[in-house]
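Chemist: Here it is, the structure in full.
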Amino acid sequence: MADKNIQVLLVEDNPGDVFLIQELIKEVHTVNVNLHTVEQLSEVVHLLTREVNSSEFDVILLDLSLPDSQGIETFIQAYNQAKTIPIIVLTGIDDENLALRAMQEGAQDYLVKGQVTGDLLVRSMRYAIERQHIEDALRQSEERFRVALKNSPIFVFNQDRDLRYTWVYNQRAGWTEQTMLGKQDCEIMPHTDAQALTAIKYHVLTTGIGTRAEVSITTHKGMRYYDLTVEPLQNESQEIVGITCASIDITEQQIALQERQLAEAKIREQAALINISTDAICVRDLQNQILFWNKGAENLYGWQAQEVIGKNASEVLFPEPSPEIELALLQVISQGKWQGELNKVTKNGKEIVVASRWSLVRDEDNKPKSILTVDTDITQKKYLEAQLLRTQRLESIGTLASGIAHDLNNILTPILAGAQLLPLKFPDVDERTQHLLEILEINAKRGADLVKQVLSFARGVEGKRITLQLRHIIAELAKVLKETLPKSIEVITDISKDLWMISGDSTQLHQVMMNLCVNARDAMPNGGTLTITAENLLIDENYARMNLEATVGPYIVVTVADTGVGISEDNLDRIFEPFFTTKAVGQGTGLGLSTVIGIVKSHGGFVNVDSVLGSGTIFKVYLPAVESTEIFSTDELIPSTGKGELILIVDDEPAIRDITKTSLESHEYQTLVASDGIEAIAVYAKYVDKISAVLVNLMLPGLDGLTTIRTLKKINPDVKIVATSGLIAKNKLGEIVNTGAATFLSKPYTINELLLALNQVMG
């Protein structure tokens, strides 16, 4: 103030008072005062309303008794014209109450005439000016606050100790100032919302500690959410007289938060589903670096997520670079997806086959971002498919082989019978001729055995089944092997002491074991170890699902293992095919393993093989076990010759009819022949009382053998019938017995087998 002149507007109609004030101001030498004097209120109004800036006056000295205005109205009119200029009221001794009222209406100060000194006058003016400046600053601040508050989402209010609204501003909840002032929360909102708010506010009133909370209130706009701050309101004595509150509508943020939480919950749920999936799910970036690795991938490949994140997928999952992978990457990037079968490797080096689906993932700008891969382990499925294809291939080959075997049997039957009859017909031939006949018989039998092996593979020959203990067969076989195999091959046996029984043909099962052991010997030209084990195995549903040929139940497992050269993967699927061999020409017929599979299948079993090239081969033969006691076979009987009995021979092959007729007549039987079923019925009807037995071939033209047998049984229910065939399926034997045939004789047969069959049916 010392550096600036004080511009004073004096409103006074009394010249004496004007002079007095001028003199008082002159007495003060510390400040320069420019005094402008008017006598009427109208002049004040004129001065303050003219274009000249009214702020040229720093203070107004106003007498309330003027010619054109009296009392408090004088101040009010002046104040309305100059709200920004501080007004000091000049009053007489008797008008002090009037001055106080003016103070209440906005006057900065008042001075009593006759009691004013120069210093008091100047101090009052200075105080008035400073106070006015403060009030102006406060008003400006309040205005700025009001403008800011008006443009902000904040709703502020005060409440007294009864929690009644005393001041509100910027109503944002849909209530007006008139509907809120003097009321409590329970009067303007639902009871539940009011109760929750009151509890928060009452806590601040009683503790004096401010708080912040998120609250929900039901309004005409629906449910709204607010961030509420409550602070205690204190008077000059630091007593809590109410609360002051500020709230902001956070409904949109709350809804967004709830949506985000729901989305996050959904993501967590999806992540959990991804983790419990048995499929291996992996996400890679476009540089083939692994970004995501689920639990299914951990279980399938053996790598934990932390071990592979950030690594190159090809280095982790593929043993070596593959053009197929490069093509798949190009396709998924260009077309958005790819699927196919891939060979991958696990952490422990195991190779597996997976059905792989690749999808291209794009970002919000539709640019390629990463590749999602879903892998399903189909290793077992591929194994079962290969097993099924191998079975179907073997069945196809078997059907072809069985047709050939039928024709060969018809050819070999007269040759074998003739070779056996010729020495009886010509007992005095020279030694060279006898030797030639022996060679003929031996080779005919070898041919017959070869055909039987083909039939064993093709349909499974039904041998003489008894309940037996494999331990005896293996023990006998081991004894023979130790005596005949090279000393460089060590034979080891390990047979379970409580090995279950099986139902089977001991000769055929001995052949199975021998064929496997001979192959093992040939696989160890430089020596090694041949191990034969037998143990019990109870196959459950899970195992049966993994092996198409297995059924649930008890099995005997015979394992023949060698340490030989092994079998290549290319040959492993073909080893059971007839005539397939890897041995040199002249060293094998290729029927050994096909005979094994045929015999084992005819016993209701199956064979598994594992081999590692250079390390050896393991054959496992699975045979169904039975609950029974062992039946020991008796010695073969020597057949008796005939006593003139009449036998009817029914066969469409002339050579077989002739040789069978000659063979029977050579052993004191009489014979009649028929070339088909119709002729056989006619002959039998004619000689029904004389014929002792009928030998019927099942594969007859026209009227087949089974129908012929049924017709003969109708003519004579007691007729004795021997059914013969060079080819008969295992499942047909029961049907043959049901038609009335007493026994079955498989072609080619020896004279001894023919005579034994007749002895059996005729008692």
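FYI, nothing fancy with the structure tokens labels: chains A, B, ... in order, residues from 1 per chain, ligands from 1 as they appear.
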Run DSSP on the backbone of this structure and report the residues of segment 492-644 of chain A it assigns to strand (DSSP E), as a PyMOL selection string.
Modeler: chain A and resi 492-495+501-504+528-539+553-562+606-612+616-626
Chemist: Considering only C-alpha atoms, return as JSON, numbers by chain whatever protein or nucleic-acid residues lie within 10 Å of segment 645-656 of chain A, sequence-local ones (same chain, fewer than 4 positions apart) excluded.
Modeler: {"A": [409, 410, 411, 412, 413, 414, 415, 417, 418, 660, 661, 662, 664, 665, 668, 669, 670, 671, 672, 673, 674, 675, 676, 677, 679, 680, 681, 683, 684, 687, 690, 691, 692, 693, 694, 695, 696, 697, 698, 699, 700, 701, 705, 708, 720, 721, 722, 723, 724, 725, 748, 758, 762]}
Chemist: One number please: atom CA of Ala213 of chain A to atom CA of Thr229 of chain A, in Å, one decimal.
Modeler: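 We find that atom CA of Ala213 of chain A and atom CA of Thr229 of chain A lie 6.7 Å from each other.
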Chemist: When distances are computed from only C-alpha atoms, which of A:Val332, A:Gly114, A:Pro423, A:Ala448 shows the smallest separation from Ser746 of chain A?
Modeler: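 The shortest atom-to-atom distance to Ser746 of chain A comes from A:Ala448.
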Chemist: Using only C-alpha atoms for the distances, tell me which of A:Leu228, A:Val11, A:Leu481, A:Ile6 is nearest to Phe157 of chain A.
Modeler: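 Among the listed residues, the smallest separation from Phe157 of chain A belongs to A:Leu228.
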Chemist: Calculated over only C-alpha atoms, which of the candidates A:Pro624, A:Pro717, A:Gly106, A:Pro639 has the smallest distance to Ile72 of chain A?
Modeler: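 Of the candidates, the smallest distance to Ile72 of chain A is held by A:Gly106.
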Chemist: Could you pull the residues within 8 Å of Val354 of chain A, counting only C-alpha atoms, minus those fewer than 4 positions along the same chain, as a PyMOL selection string?
Modeler: chain A and resi 341-344+375-379
Chemist: Please save N, CA and C atoms of the selected residues as a PDB file, in the first residue's frame.
Modeler:
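Final output, saved to out07.pdb:
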ATOM      1  N   GLU A 341      -1.212 -85.725 -40.204  1.00  0.00           N
ATOM      2  CA  GLU A 341      -0.564 -86.597 -39.231  1.00  0.00           C
ATOM      3  C   GLU A 341       0.944 -86.339 -39.252  1.00  0.00           C
ATOM      4  N   LEU A 342       1.523 -86.258 -38.048  1.00  0.00           N
ATOM      5  CA  LEU A 342       2.954 -85.976 -37.929  1.00  0.00           C
ATOM      6  C   LEU A 342       3.610 -86.964 -36.981  1.00  0.00           C
ATOM      7  N   ASN A 343       4.845 -87.297 -37.264  1.00  0.00           N
ATOM      8  CA  ASN A 343       5.657 -88.088 -36.342  1.00  0.00           C
ATOM      9  C   ASN A 343       6.469 -87.123 -35.483  1.00  0.00           C
ATOM     10  N   LYS A 344       6.275 -87.199 -34.165  1.00  0.00           N
ATOM     11  CA  LYS A 344       6.986 -86.326 -33.243  1.00  0.00           C
ATOM     12  C   LYS A 344       7.723 -87.167 -32.215  1.00  0.00           C
ATOM     13  N   ASP A 375      -2.688 -81.132 -30.841  1.00  0.00           N
ATOM     14  CA  ASP A 375      -2.201 -82.464 -31.207  1.00  0.00           C
ATOM     15  C   ASP A 375      -2.942 -83.538 -30.423  1.00  0.00           C
ATOM     16  N   THR A 376      -3.411 -84.559 -31.127  1.00  0.00           N
ATOM     17  CA  THR A 376      -4.049 -85.721 -30.494  1.00  0.00           C
ATOM     18  C   THR A 376      -3.182 -86.943 -30.738  1.00  0.00           C
ATOM     19  N   ASP A 377      -2.856 -87.651 -29.684  1.00  0.00           N
ATOM     20  CA  ASP A 377      -2.019 -88.842 -29.789  1.00  0.00           C
ATOM     21  C   ASP A 377      -2.809 -89.961 -30.458  1.00  0.00           C
ATOM     22  N   ILE A 378      -2.364 -90.395 -31.637  1.00  0.00           N
ATOM     23  CA  ILE A 378      -3.038 -91.493 -32.348  1.00  0.00           C
ATOM     24  C   ILE A 378      -2.078 -92.654 -32.551  1.00  0.00           C
ATOM     25  N   THR A 379      -1.037 -92.723 -31.717  1.00  0.00           N
ATOM     26  CA  THR A 379      -0.054 -93.802 -31.854  1.00  0.00           C
ATOM     27  C   THR A 379      -0.729 -95.155 -31.725  1.00  0.00           C
TER      28      THR A 379
END
